[in-house]
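File shown: run-v6.csv (CSV, C-alpha atoms).
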chain,number,residue,atom,x,y,z
X,1,MET,CA,-12.9,-10.0,-35.3
X,2,SER,CA,-14.5,-13.1,-36.9
X,3,GLY,CA,-13.4,-16.7,-36.7
X,4,ASP,CA,-12.3,-19.0,-33.9
X,5,ILE,CA,-9.5,-17.9,-31.5
X,6,ALA,CA,-7.0,-20.4,-30.2
X,7,ILE,CA,-5.3,-19.7,-26.8
X,8,ILE,CA,-2.2,-21.8,-26.1
X,9,GLY,CA,-1.9,-22.2,-22.4
X,10,ALA,CA,-4.6,-22.2,-19.7
X,11,GLY,CA,-2.8,-20.0,-17.2
X,12,LEU,CA,-4.2,-16.9,-15.5
X,13,GLY,CA,-3.6,-14.6,-18.5
X,14,GLY,CA,-4.9,-17.1,-21.1
X,15,LEU,CA,-8.0,-17.8,-19.1
X,16,THR,CA,-8.7,-14.1,-18.5
X,17,CYS,CA,-8.5,-13.5,-22.2
X,18,ALA,CA,-10.7,-16.5,-23.0
X,19,LEU,CA,-13.4,-15.6,-20.5
X,20,ALA,CA,-13.5,-12.0,-21.7
X,21,LEU,CA,-13.8,-13.1,-25.3
X,22,VAL,CA,-16.5,-15.7,-24.6
X,23,ARG,CA,-18.5,-13.2,-22.6
X,24,ALA,CA,-18.6,-11.0,-25.7
X,25,GLY,CA,-19.9,-13.8,-27.9
X,26,LEU,CA,-16.7,-15.0,-29.5
X,27,ARG,CA,-15.6,-18.7,-29.7
X,28,VAL,CA,-12.4,-19.8,-28.2
X,29,ALA,CA,-10.4,-23.0,-27.8
X,30,VAL,CA,-7.8,-23.1,-25.0
X,31,TYR,CA,-5.1,-25.7,-25.6
X,32,GLU,CA,-3.4,-26.8,-22.3
X,33,GLN,CA,-0.5,-29.3,-22.3
X,34,ALA,CA,-1.3,-30.6,-18.8
X,35,PRO,CA,-3.6,-33.7,-18.5
X,36,GLN,CA,-5.7,-31.9,-15.9
X,37,LEU,CA,-6.2,-28.3,-14.9
X,38,GLY,CA,-4.4,-26.9,-11.9
X,39,GLU,CA,-1.9,-24.2,-11.2
X,40,VAL,CA,1.7,-25.0,-10.1
X,41,GLY,CA,2.6,-22.8,-7.2
X,42,ALA,CA,1.0,-21.7,-4.0
X,43,GLY,CA,0.3,-18.1,-3.1
X,44,ILE,CA,-0.4,-15.1,-5.4
X,45,THR,CA,-1.0,-11.4,-4.8
X,46,LEU,CA,-3.7,-9.6,-6.7
X,47,SER,CA,-3.1,-5.9,-6.5
X,48,PRO,CA,-5.9,-3.5,-7.5
X,49,ASN,CA,-4.9,-3.4,-11.2
X,50,ALA,CA,-5.6,-7.2,-11.3
X,51,SER,CA,-8.5,-7.4,-8.8
X,52,ARG,CA,-10.5,-4.8,-10.8
X,53,ILE,CA,-10.2,-7.2,-13.8
X,54,MET,CA,-11.8,-10.0,-11.7
X,55,ILE,CA,-14.6,-7.5,-10.7
X,56,HIS,CA,-15.1,-6.6,-14.4
X,57,LEU,CA,-15.4,-10.3,-15.2
X,58,GLY,CA,-18.1,-10.8,-12.6
X,59,LEU,CA,-15.9,-12.8,-10.2
X,60,GLU,CA,-15.7,-10.3,-7.3
X,61,GLN,CA,-17.7,-12.4,-4.9
X,62,GLY,CA,-15.6,-15.5,-5.3
X,63,MET,CA,-12.4,-13.5,-5.2
X,64,ARG,CA,-13.3,-11.8,-1.9
X,65,ARG,CA,-14.5,-15.1,-0.4
X,66,LEU,CA,-11.2,-16.9,-1.2
X,67,GLY,CA,-8.8,-14.0,-0.7
X,68,VAL,CA,-7.2,-12.3,2.3
X,69,VAL,CA,-7.0,-8.6,2.5
X,70,PRO,CA,-3.9,-7.7,4.6
X,71,PRO,CA,-4.1,-4.4,6.6
X,72,ARG,CA,-0.5,-3.6,6.1
X,73,GLN,CA,2.8,-4.9,4.7
X,74,LEU,CA,6.3,-4.7,6.3
X,75,THR,CA,9.8,-4.6,4.9
X,76,GLN,CA,12.2,-5.8,7.5
X,77,ASN,CA,15.9,-6.4,8.1
X,78,LEU,CA,16.5,-10.1,7.6
X,79,GLN,CA,19.0,-10.4,10.4
X,80,THR,CA,17.5,-8.1,13.0
X,81,GLY,CA,13.8,-8.0,12.2
X,82,LYS,CA,13.9,-4.2,12.3
X,83,VAL,CA,11.0,-2.6,10.3
X,84,LEU,CA,12.4,-0.5,7.5
X,85,VAL,CA,9.2,0.4,5.6
X,86,GLU,CA,5.5,-0.1,6.4
X,87,ARG,CA,2.8,0.2,3.7
X,88,GLU,CA,-1.0,0.4,3.8
X,89,ARG,CA,-2.6,-2.6,2.1
X,90,GLY,CA,-6.1,-2.7,3.5
X,91,ASP,CA,-9.1,-0.4,3.3
X,92,GLY,CA,-7.0,2.6,2.3
X,93,VAL,CA,-5.8,1.0,-0.8
X,94,GLU,CA,-9.3,0.0,-1.9
X,95,ALA,CA,-10.6,3.5,-1.2
X,96,GLN,CA,-7.8,5.0,-3.3
X,97,TYR,CA,-8.0,2.6,-6.3
X,98,GLY,CA,-11.6,1.3,-6.2
X,99,ALA,CA,-10.4,-2.4,-6.0
X,100,PRO,CA,-8.8,-4.4,-3.2
X,101,TYR,CA,-5.3,-5.8,-2.6
X,102,LEU,CA,-5.6,-9.5,-1.8
X,103,HIS,CA,-3.6,-12.6,-1.3
X,104,LEU,CA,-5.0,-15.9,-2.6
X,105,HIS,CA,-4.0,-19.5,-3.2
X,106,ARG,CA,-3.1,-19.6,-6.9
X,107,ALA,CA,-5.1,-22.7,-7.4
X,108,ASP,CA,-8.2,-21.0,-6.0
X,109,LEU,CA,-7.8,-18.0,-8.4
X,110,HIS,CA,-7.2,-20.4,-11.3
X,111,ALA,CA,-10.3,-22.4,-10.5
X,112,LEU,CA,-12.5,-19.3,-10.4
X,113,LEU,CA,-11.5,-18.3,-13.9
X,114,ALA,CA,-11.6,-21.9,-15.3
X,115,ASP,CA,-15.0,-22.6,-13.8
X,116,ALA,CA,-16.4,-19.4,-15.2
X,117,LEU,CA,-15.1,-20.2,-18.6
X,118,GLU,CA,-16.5,-23.7,-18.5
X,119,ALA,CA,-19.9,-22.3,-17.6
X,120,ALA,CA,-19.8,-19.7,-20.4
X,121,GLN,CA,-18.5,-22.1,-23.1
X,122,PRO,CA,-18.5,-25.7,-22.0
X,123,GLY,CA,-15.5,-27.6,-23.4
X,124,ALA,CA,-13.5,-24.5,-24.2
X,125,VAL,CA,-10.4,-25.9,-22.5
X,126,ARG,CA,-8.7,-28.8,-24.4
X,127,LEU,CA,-6.4,-30.7,-22.0
X,128,ASP,CA,-3.4,-32.8,-23.0
X,129,HIS,CA,-2.5,-30.6,-25.9
X,130,LYS,CA,1.2,-30.0,-25.9
X,131,LEU,CA,2.2,-27.7,-28.8
X,132,GLU,CA,4.9,-29.2,-31.1
X,133,ALA,CA,4.6,-27.0,-34.2
X,134,ILE,CA,2.7,-23.9,-35.3
X,135,ALA,CA,2.5,-22.1,-38.7
X,136,SER,CA,1.0,-18.7,-39.1
X,137,ASP,CA,0.2,-16.2,-41.9
X,138,ALA,CA,-2.2,-13.3,-42.4
X,139,GLU,CA,-5.0,-15.8,-43.1
X,140,GLY,CA,-4.8,-17.9,-40.0
X,141,VAL,CA,-2.9,-20.5,-37.9
X,142,THR,CA,-2.4,-24.2,-38.0
X,143,MET,CA,-1.2,-26.1,-34.9
X,144,THR,CA,0.2,-29.5,-34.3
X,145,PHE,CA,0.2,-31.1,-30.9
X,146,ALA,CA,1.9,-34.1,-29.4
X,147,GLY,CA,0.4,-37.4,-30.6
X,148,GLY,CA,-0.4,-35.9,-34.0
X,149,LYS,CA,-3.4,-33.9,-33.0
X,150,ARG,CA,-4.0,-30.9,-35.2
X,151,ALA,CA,-6.1,-27.8,-35.1
X,152,ALA,CA,-6.6,-24.5,-37.0
X,153,ALA,CA,-7.9,-21.1,-36.0
X,154,ALA,CA,-8.2,-17.6,-37.4
X,155,LEU,CA,-5.9,-16.3,-34.7
X,156,ALA,CA,-3.7,-17.8,-31.9
X,157,VAL,CA,-2.5,-16.4,-28.6
X,158,GLY,CA,0.7,-17.8,-27.1
X,159,ALA,CA,0.0,-17.7,-23.4
X,160,ASP,CA,2.3,-20.6,-22.5
X,161,GLY,CA,4.8,-19.0,-20.1
X,162,VAL,CA,8.4,-18.0,-20.0
X,163,LYS,CA,9.5,-21.1,-21.8
X,164,SER,CA,6.9,-20.5,-24.5
X,165,ALA,CA,6.8,-23.0,-27.3
X,166,THR,CA,4.8,-20.5,-29.4
X,167,ARG,CA,7.5,-17.8,-28.9
X,168,ASP,CA,10.3,-20.2,-29.7
X,169,ALA,CA,8.6,-21.4,-32.9
X,170,LEU,CA,7.7,-18.1,-34.5
X,171,PHE,CA,9.8,-15.3,-33.0
X,172,LYS,CA,13.5,-14.5,-33.2
X,173,THR,CA,14.4,-15.1,-29.6
X,174,ALA,CA,17.2,-16.2,-27.3
X,175,PRO,CA,16.5,-18.9,-24.7
X,176,PRO,CA,15.5,-17.9,-21.1
X,177,GLN,CA,18.6,-16.9,-19.2
X,178,PHE,CA,19.3,-17.9,-15.6
X,179,THR,CA,19.2,-14.8,-13.5
X,180,GLY,CA,21.5,-16.0,-10.7
X,181,GLN,CA,18.5,-16.2,-8.4
X,182,VAL,CA,17.1,-19.5,-7.0
X,183,ALA,CA,13.7,-19.5,-5.3
X,184,TRP,CA,12.2,-21.6,-2.6
X,185,ARG,CA,8.4,-21.9,-2.1
X,186,GLY,CA,6.8,-23.1,1.1
X,187,VAL,CA,3.3,-23.5,2.4
X,188,LEU,CA,2.5,-24.2,6.1
X,189,PRO,CA,-0.4,-24.1,8.5
X,190,ARG,CA,-0.4,-20.8,10.4
X,191,ALA,CA,-1.4,-22.7,13.5
X,192,ALA,CA,2.0,-24.5,13.4
X,193,LEU,CA,3.8,-21.2,14.1
X,194,PRO,CA,4.6,-19.7,17.5
X,195,PRO,CA,2.0,-17.1,18.5
X,196,GLU,CA,4.3,-14.1,17.9
X,197,VAL,CA,5.0,-15.3,14.3
X,198,GLN,CA,1.3,-16.0,13.7
X,199,ASP,CA,0.6,-12.3,14.5
X,200,LEU,CA,3.3,-11.0,12.1
X,201,PRO,CA,1.8,-9.0,9.3
X,202,PRO,CA,2.6,-10.0,5.7
X,203,GLY,CA,5.9,-8.6,4.5
X,204,ILE,CA,9.4,-9.1,3.2
X,205,TRP,CA,12.7,-9.7,5.0
X,206,ILE,CA,15.6,-8.3,3.0
X,207,GLY,CA,19.4,-8.9,3.3
X,208,GLU,CA,22.5,-9.1,1.2
X,209,LYS,CA,21.8,-11.4,-1.8
X,210,ARG,CA,18.7,-12.7,-0.1
X,211,LEU,CA,15.0,-12.0,0.2
X,212,PHE,CA,12.2,-13.7,2.0
X,213,MET,CA,8.5,-12.8,1.4
X,214,ARG,CA,5.5,-14.1,3.4
X,215,TYR,CA,1.8,-13.7,3.3
X,216,PRO,CA,-1.4,-15.5,4.4
X,217,MET,CA,-3.9,-17.5,2.3
X,218,ARG,CA,-7.3,-19.1,2.7
X,219,GLY,CA,-8.7,-17.0,5.5
X,220,TRP,CA,-5.3,-16.7,7.3
X,221,ASP,CA,-5.2,-20.5,7.8
X,222,LEU,CA,-2.2,-21.0,5.6
X,223,VAL,CA,1.1,-19.0,5.2
X,224,ASN,CA,2.8,-18.9,1.9
X,225,TYR,CA,6.4,-17.8,1.5
X,226,ALA,CA,8.9,-17.4,-1.3
X,227,ALA,CA,12.6,-17.2,-0.5
X,228,PHE,CA,15.2,-15.9,-3.0
X,229,VAL,CA,18.9,-16.5,-2.8
X,230,ASN,CA,21.6,-15.3,-5.2
X,231,LEU,CA,23.3,-18.6,-6.2
X,232,GLU,CA,25.7,-18.8,-9.2
X,233,GLY,CA,26.4,-22.0,-11.0
X,234,TRP,CA,22.9,-23.5,-10.8
X,235,SER,CA,22.2,-26.3,-13.2
X,236,GLU,CA,19.1,-28.2,-12.2
X,237,GLU,CA,16.0,-28.0,-14.4
X,238,GLY,CA,12.5,-27.9,-13.2
X,239,TRP,CA,9.8,-25.7,-11.7
X,240,ALA,CA,9.2,-27.6,-8.5
X,241,ILE,CA,12.3,-29.5,-7.3
X,242,PRO,CA,11.8,-30.9,-3.8
X,243,SER,CA,14.1,-29.3,-1.2
X,244,THR,CA,14.8,-29.8,2.5
X,245,ILE,CA,14.4,-27.7,5.5
X,246,ALA,CA,18.1,-28.0,6.2
X,247,GLU,CA,19.0,-26.8,2.7
X,248,LEU,CA,16.9,-23.7,2.9
X,249,ARG,CA,17.9,-23.0,6.5
X,250,SER,CA,21.6,-23.1,5.5
X,251,HIS,CA,21.0,-20.0,3.4
X,252,TYR,CA,19.4,-18.1,6.3
X,253,ALA,CA,21.5,-19.3,9.2
X,254,ASP,CA,22.0,-15.7,10.5
X,255,ALA,CA,18.3,-14.7,10.0
X,256,GLU,CA,16.1,-13.4,12.9
X,257,PRO,CA,14.2,-16.1,14.9
X,258,MET,CA,10.8,-15.4,13.4
X,259,LEU,CA,12.0,-16.1,9.9
X,260,LEU,CA,13.7,-19.3,11.0
X,261,ALA,CA,10.6,-20.4,12.8
X,262,MET,CA,8.7,-20.1,9.6
X,263,ILE,CA,11.2,-22.3,7.8
X,264,ASP,CA,11.2,-24.9,10.6
X,265,ALA,CA,7.4,-25.1,10.6
X,266,THR,CA,7.2,-26.0,6.9
X,267,PRO,CA,5.9,-29.5,6.3
X,268,PRO,CA,8.8,-31.4,4.6
X,269,ASP,CA,6.6,-32.2,1.5
X,270,GLN,CA,5.7,-28.6,1.0
X,271,LEU,CA,9.1,-27.1,0.2
X,272,PHE,CA,10.2,-26.7,-3.4
X,273,LYS,CA,12.9,-24.8,-5.3
X,274,TRP,CA,13.5,-23.6,-8.8
X,275,ALA,CA,15.7,-21.3,-10.8
X,276,LEU,CA,14.5,-17.9,-11.9
X,277,HIS,CA,14.9,-17.3,-15.7
X,278,ALA,CA,14.2,-14.1,-17.6
X,279,ARG,CA,14.1,-13.1,-21.2
X,280,GLU,CA,14.9,-9.9,-23.0
X,281,PRO,CA,11.9,-7.9,-24.4
X,282,LEU,CA,10.9,-8.8,-27.9
X,283,ASP,CA,11.0,-6.4,-30.8
X,284,SER,CA,7.4,-7.5,-31.6
X,285,TRP,CA,4.8,-9.8,-30.1
X,286,THR,CA,3.0,-10.4,-33.4
X,287,ALA,CA,3.9,-12.9,-36.2
X,288,GLY,CA,1.2,-13.3,-38.8
X,289,SER,CA,-2.0,-14.3,-37.0
X,290,VAL,CA,-0.2,-15.1,-33.7
X,291,THR,CA,0.5,-12.8,-30.7
X,292,LEU,CA,1.8,-13.4,-27.2
X,293,LEU,CA,0.7,-12.4,-23.7
X,294,GLY,CA,2.1,-12.7,-20.2
X,295,ASP,CA,5.4,-14.4,-19.5
X,296,ALA,CA,5.6,-15.6,-23.1
X,297,ALA,CA,5.8,-12.0,-24.2
X,298,HIS,CA,7.6,-10.4,-21.2
X,299,GLY,CA,8.8,-12.9,-18.6
X,300,MET,CA,9.6,-10.9,-15.5
X,301,LEU,CA,11.1,-11.5,-12.1
X,302,PRO,CA,8.6,-11.6,-9.1
X,303,PHE,CA,9.9,-8.8,-7.0
X,304,MET,CA,7.0,-6.5,-7.6
X,305,GLY,CA,4.4,-9.3,-7.5
X,306,GLN,CA,3.2,-8.2,-11.0
X,307,GLY,CA,3.8,-11.2,-13.2
X,308,ALA,CA,0.2,-12.6,-13.0
X,309,ALA,CA,-1.3,-9.1,-12.9
X,310,THR,CA,0.4,-8.0,-16.1
X,311,ALA,CA,-0.6,-11.3,-17.8
X,312,MET,CA,-4.3,-10.7,-16.8
X,313,GLU,CA,-4.0,-7.1,-18.0
X,314,ASP,CA,-2.7,-8.4,-21.3
X,315,GLY,CA,-5.5,-10.8,-21.5
X,316,LEU,CA,-8.3,-8.3,-21.0
X,317,VAL,CA,-6.7,-5.6,-23.2
X,318,LEU,CA,-6.2,-8.2,-26.0
X,319,ALA,CA,-9.8,-9.3,-25.7
X,320,ARG,CA,-11.1,-5.8,-25.9
X,321,CYS,CA,-9.0,-5.2,-29.1
X,322,LEU,CA,-10.2,-8.4,-30.7
X,323,ILE,CA,-13.8,-7.6,-29.8
X,324,GLU,CA,-13.7,-4.1,-31.3
X,325,PHE,CA,-11.4,-4.3,-34.3
X,326,PRO,CA,-10.5,-6.5,-37.3
X,327,LYS,CA,-7.7,-9.0,-36.6
X,328,ALA,CA,-4.7,-7.2,-38.0
X,329,GLU,CA,-5.7,-3.8,-36.5
X,330,ALA,CA,-6.6,-5.5,-33.2
X,331,LEU,CA,-3.1,-7.1,-32.8
X,332,GLN,CA,-1.4,-3.8,-33.6
X,333,ARG,CA,-3.5,-1.9,-31.1
X,334,TYR,CA,-3.0,-4.5,-28.4
X,335,GLU,CA,0.8,-4.4,-28.7
X,336,SER,CA,0.8,-0.6,-28.9
X,337,ALA,CA,-1.3,-0.4,-25.7
X,338,ARG,CA,0.8,-2.9,-23.7
X,339,ARG,CA,4.5,-2.8,-24.7
X,340,GLU,CA,5.6,0.3,-22.9
X,341,ARG,CA,3.9,-0.7,-19.6
X,342,THR,CA,5.1,-4.3,-19.6
X,343,THR,CA,8.7,-3.4,-20.5
X,344,MET,CA,8.7,-0.8,-17.7
X,345,VAL,CA,7.4,-3.3,-15.1
X,346,GLN,CA,9.8,-6.0,-16.4
X,347,THR,CA,12.8,-3.7,-16.0
X,348,GLN,CA,11.8,-2.2,-12.7
X,349,SER,CA,11.1,-5.6,-11.2
X,350,ARG,CA,14.6,-6.7,-11.8
X,351,LEU,CA,16.0,-3.4,-10.4
X,352,LEU,CA,13.9,-3.6,-7.3
X,353,GLY,CA,15.1,-7.1,-6.7
X,354,LEU,CA,18.7,-5.8,-6.7
X,355,GLN,CA,17.7,-3.0,-4.3
X,356,PHE,CA,16.1,-5.5,-1.9
X,357,GLN,CA,19.2,-7.6,-1.9
X,358,GLY,CA,21.8,-4.9,-1.5
X,359,LYS,CA,24.7,-4.9,0.9
X,360,ASP,CA,23.2,-2.5,3.4
X,361,PRO,CA,19.5,-3.4,4.1
X,362,GLU,CA,19.4,-0.6,6.7
X,363,SER,CA,19.6,2.0,3.9
X,364,PHE,CA,16.4,0.6,2.2
X,365,GLY,CA,13.6,3.2,2.4
X,366,LYS,CA,15.9,6.1,3.3
X,367,GLY,CA,16.1,7.2,-0.4
X,368,PRO,CA,13.8,7.0,-3.4
X,369,ILE,CA,12.2,3.6,-4.0
X,370,LEU,CA,10.8,2.7,-7.4
X,371,ASN,CA,8.3,0.1,-6.5
X,372,GLU,CA,4.7,-0.8,-7.4
X,373,ASP,CA,3.4,2.0,-5.2
X,374,THR,CA,5.6,4.8,-6.3
X,375,LEU,CA,5.4,3.8,-9.9
X,376,GLY,CA,1.6,4.0,-9.8
X,377,LEU,CA,1.1,0.5,-11.0
X,378,PHE,CA,-2.1,0.0,-9.0
X,379,ALA,CA,-3.9,2.8,-10.9
X,380,TYR,CA,-3.8,1.1,-14.3
X,381,ASP,CA,-7.2,0.1,-15.5
X,382,ALA,CA,-7.2,-2.6,-18.2
X,383,VAL,CA,-11.0,-2.2,-18.4
X,384,THR,CA,-10.9,1.4,-19.6
X,385,CYS,CA,-7.4,2.2,-20.8
X,386,PRO,CA,-7.1,3.5,-24.4
X,387,ILE,CA,-6.8,0.9,-27.1

Re-express the file's structure as structure tokens.
Amino acid sequence: MSGDIAIIGAGLGGLTCALALVRAGLRVAVYEQAPQLGEVGAGITLSPNASRIMIHLGLEQGMRRLGVVPPRQLTQNLQTGKVLVERERGDGVEAQYGAPYLHLHRADLHALLADALEAAQPGAVRLDHKLEAIASDAEGVTMTFAGGKRAAAALAVGADGVKSATRDALFKTAPPQFTGQVAWRGVLPRAALPPEVQDLPPGIWIGEKRLFMRYPMRGWDLVNYAAFVNLEGWSEEGWAIPSTIAELRSHYADAEPMLLAMIDATPPDQLFKWALHAREPLDSWTAGSVTLLGDAAHGMLPFMGQGAATAMEDGLVLARCLIEFPKAEALQRYESARRERTTMVQTQSRLLGLQFQGKDPESFGKGPILNEDTLGLFAYDAVTCPI
């Protein structure tokens, strides 16, 4: 297509899309509401469907330098530590799919993409631009940001997360709904753990109404964990509310000692909580000259570790469509290429979370499991998929 492209939100999906477009010779402007770049959060998993996008964008060396490839992953009983399922995550995965399975610090991955975009088109990211209004028709888009700043573009992409201002302004939508799940995020030095816990492979502890996932970052020097608890009646707002060791420990009082050791070793200033919200799938992602990607289009729960991956898939597929086709056709092809997959992952992530947190963790793995492995999610190739 011709004309400038605006991307609202400088998250992983928006930066992926922007970088792919700029590499093809198109001009972009990425509008980010934060006063400085940086990703909220700690750890992130890049499964092969996402890591092959990084390879395609020429960022393989940095990704491998910053990431950790785990040899295997365990699913364990939260109370007893018994291993219920063990999965290959190392060389075998890369041999099968042609791209690695890695854990990274989210800020490291974000910086890789942001630095590459800045090198390709200096000044592409416009900081301190909080969207307040957007108008769209077939001809183009006008945007108004806080402080009276205005901009126009031939096309805009709402990549501004589950609480998307773009989506709320242009699409018939209900607000995000609290899922009944509250999450805690902790980061700790691996060296602070007892030796037997340091040697524990990445994995997930599961129990009734609870789930605790762990994995290494930055050359195994750090451990990231995310703990999920079913808590009704939550009312606090925010993505990173400070919590206490005692509060989190109270929800895992009956957990096995290795899990409790991980909680106890967390620096007090590195523990945060937030409520998980989800939205129902939209009837359409396109309004005039605006489309959506990532959580703005299909906010999903994190139980398959595919939120960032599907946003990056969206970003690359959308870029491919915009590079190859006129605007209206490109938007139609993008949505047609992505809706079925993202709706499936969105639905199955929620169902897997319920399965993880069932009443009888010992039954997990004894019957069919619809997860990222059995659903074949790693085989998806955003670089070559039909558009």

Exercise for the section: Name the residues in contact with Leu37 (chain X) at a cut-off of 12 Å, using only C-alpha atoms, excluding same-chain residues fewer than 3 positions from it; report them as number ranges by chain. Expected result: X: 9-12, 15, 30-34, 40, 107-108, 110-115, 118, 125-129

Export of the given selection (C-alpha atoms) as a compact mmCIF listing (two decimals), keeping the file's coordinate frame:
# COMPACT_ATOMS: atom_id res chain seq x y z
CA GLY X 9 -1.90 -22.20 -22.40
CA ALA X 10 -4.60 -22.20 -19.70
CA GLY X 11 -2.80 -20.00 -17.20
CA LEU X 12 -4.20 -16.90 -15.50
CA LEU X 15 -8.00 -17.80 -19.10
CA VAL X 30 -7.80 -23.10 -25.00
CA TYR X 31 -5.10 -25.70 -25.60
CA GLU X 32 -3.40 -26.80 -22.30
CA GLN X 33 -0.50 -29.30 -22.30
CA ALA X 34 -1.30 -30.60 -18.80
CA VAL X 40 1.70 -25.00 -10.10
CA ALA X 107 -5.10 -22.70 -7.40
CA ASP X 108 -8.20 -21.00 -6.00
CA HIS X 110 -7.20 -20.40 -11.30
CA ALA X 111 -10.30 -22.40 -10.50
CA LEU X 112 -12.50 -19.30 -10.40
CA LEU X 113 -11.50 -18.30 -13.90
CA ALA X 114 -11.60 -21.90 -15.30
CA ASP X 115 -15.00 -22.60 -13.80
CA GLU X 118 -16.50 -23.70 -18.50
CA VAL X 125 -10.40 -25.90 -22.50
CA ARG X 126 -8.70 -28.80 -24.40
CA LEU X 127 -6.40 -30.70 -22.00
CA ASP X 128 -3.40 -32.80 -23.00
CA HIS X 129 -2.50 -30.60 -25.90

Practice task
Between X:Val157, X:Leu370, X:Asn224, X:Ser164, single out the one closest to Tyr334 (chain X), counting only C-alpha atoms.
Solution key: X:Val157

Practice task
Measuring atom to atom with all atoms listed in the file, identify which of X:Gly38, X:Gly186, X:Gly90, X:Gly3 is nearest to Phe212 (chain X).
Solution key: X:Gly186

Handout entry: Long-range neighbours of region 176-184 of chain X as an NGL selection string, 8 Å cut-off, all atoms listed in the file, 4 positions minimum in chain
Key = :X and (162-163 or 226-234 or 248 or 271-279)

Store the residues picked out above in a file with C-alpha atoms, as a short mmCIF file (atom, residue, chain, number, x, y, z; two decimals), in the frame of the given file.
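Now in result24.cif:
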data_model
loop_
_atom_site.label_atom_id
_atom_site.label_comp_id
_atom_site.auth_asym_id
_atom_site.auth_seq_id
_atom_site.Cartn_x
_atom_site.Cartn_y
_atom_site.Cartn_z
CA VAL X 162 8.40 -18.00 -20.00
CA LYS X 163 9.50 -21.10 -21.80
CA ALA X 226 8.90 -17.40 -1.30
CA ALA X 227 12.60 -17.20 -0.50
CA PHE X 228 15.20 -15.90 -3.00
CA VAL X 229 18.90 -16.50 -2.80
CA ASN X 230 21.60 -15.30 -5.20
CA LEU X 231 23.30 -18.60 -6.20
CA GLU X 232 25.70 -18.80 -9.20
CA GLY X 233 26.40 -22.00 -11.00
CA TRP X 234 22.90 -23.50 -10.80
CA LEU X 248 16.90 -23.70 2.90
CA LEU X 271 9.10 -27.10 0.20
CA PHE X 272 10.20 -26.70 -3.40
CA LYS X 273 12.90 -24.80 -5.30
CA TRP X 274 13.50 -23.60 -8.80
CA ALA X 275 15.70 -21.30 -10.80
CA LEU X 276 14.50 -17.90 -11.90
CA HIS X 277 14.90 -17.30 -15.70
CA ALA X 278 14.20 -14.10 -17.60
CA ARG X 279 14.10 -13.10 -21.20
#

Fill in the blank from the handout: In Å and to one decimal, CA of Leu351 (chain X) is distant from CA of Phe364 (chain X) by 13.2 Å

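For the pair CA of Glu236 (chain X) and CA of Leu260 (chain X), the separation is 25.4 Å.
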
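Nearest residue to Phe378 (chain X), choosing from X:Gln73, X:Thr342, X:Ser51, X:Thr16 and counting all atoms listed in the file: X:Ser51.
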
Fill in the blank from the handout: Counting all atoms listed in the file, closest pick from X:Glu362, X:Glu372, X:Asp4, X:Glu324 relative to Ser349 (chain X) is X:Glu372

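Residue nearest Gly14 (chain X), chosen from X:Thr347, X:Ser363, X:Thr310, X:Gln198 and counting all atoms listed in the file: X:Thr310.
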
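Considering the residues X:Ala153, X:Ala191, X:Ala165, X:Leu19 and counting only C-alpha atoms, Ala296 (chain X) has its shortest atom-to-atom contact with X:Ala165.
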
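CA of Asp295 (chain X) is found 10.2 Å from CA of Arg167 (chain X).
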
Exercise for the section: Do a neighbour search on Val83 (chain X) at 12 Å with all atoms listed in the file, toss out local chain neighbours closer than 4 positions, and write the hits as a list in words. Expected result: Gln73, Leu74, Thr75, Gln76, Asn77, Leu78, Gln79, Arg87, Leu200, Pro201, Gly203, Ile204, Trp205, Ile206, Pro361, Glu362, Ser363, Phe364 and Gly365 of chain X

Any chance you can output those residues with C-alpha atoms as an mmCIF file, in the frame of the given file?
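Below is the file result.cif, written as the result:
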data_model
loop_
_atom_site.group_PDB
_atom_site.id
_atom_site.type_symbol
_atom_site.label_atom_id
_atom_site.label_comp_id
_atom_site.auth_asym_id
_atom_site.auth_seq_id
_atom_site.Cartn_x
_atom_site.Cartn_y
_atom_site.Cartn_z
ATOM 1 C CA GLN X 73 2.800 -4.900 4.700
ATOM 2 C CA LEU X 74 6.300 -4.700 6.300
ATOM 3 C CA THR X 75 9.800 -4.600 4.900
ATOM 4 C CA GLN X 76 12.200 -5.800 7.500
ATOM 5 C CA ASN X 77 15.900 -6.400 8.100
ATOM 6 C CA LEU X 78 16.500 -10.100 7.600
ATOM 7 C CA GLN X 79 19.000 -10.400 10.400
ATOM 8 C CA ARG X 87 2.800 0.200 3.700
ATOM 9 C CA LEU X 200 3.300 -11.000 12.100
ATOM 10 C CA PRO X 201 1.800 -9.000 9.300
ATOM 11 C CA GLY X 203 5.900 -8.600 4.500
ATOM 12 C CA ILE X 204 9.400 -9.100 3.200
ATOM 13 C CA TRP X 205 12.700 -9.700 5.000
ATOM 14 C CA ILE X 206 15.600 -8.300 3.000
ATOM 15 C CA PRO X 361 19.500 -3.400 4.100
ATOM 16 C CA GLU X 362 19.400 -0.600 6.700
ATOM 17 C CA SER X 363 19.600 2.000 3.900
ATOM 18 C CA PHE X 364 16.400 0.600 2.200
ATOM 19 C CA GLY X 365 13.600 3.200 2.400
#

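Excluding Gly353 (chain X) itself and same-chain residues fewer than 2 positions from it, the residues having an atom within 9 Å of it are Leu211, Leu301, Pro302, Phe303, Met304, Gln348, Ser349, Arg350, Leu351, Gln355, Phe356, Gln357 and Gly358 of chain X, counting only C-alpha atoms.
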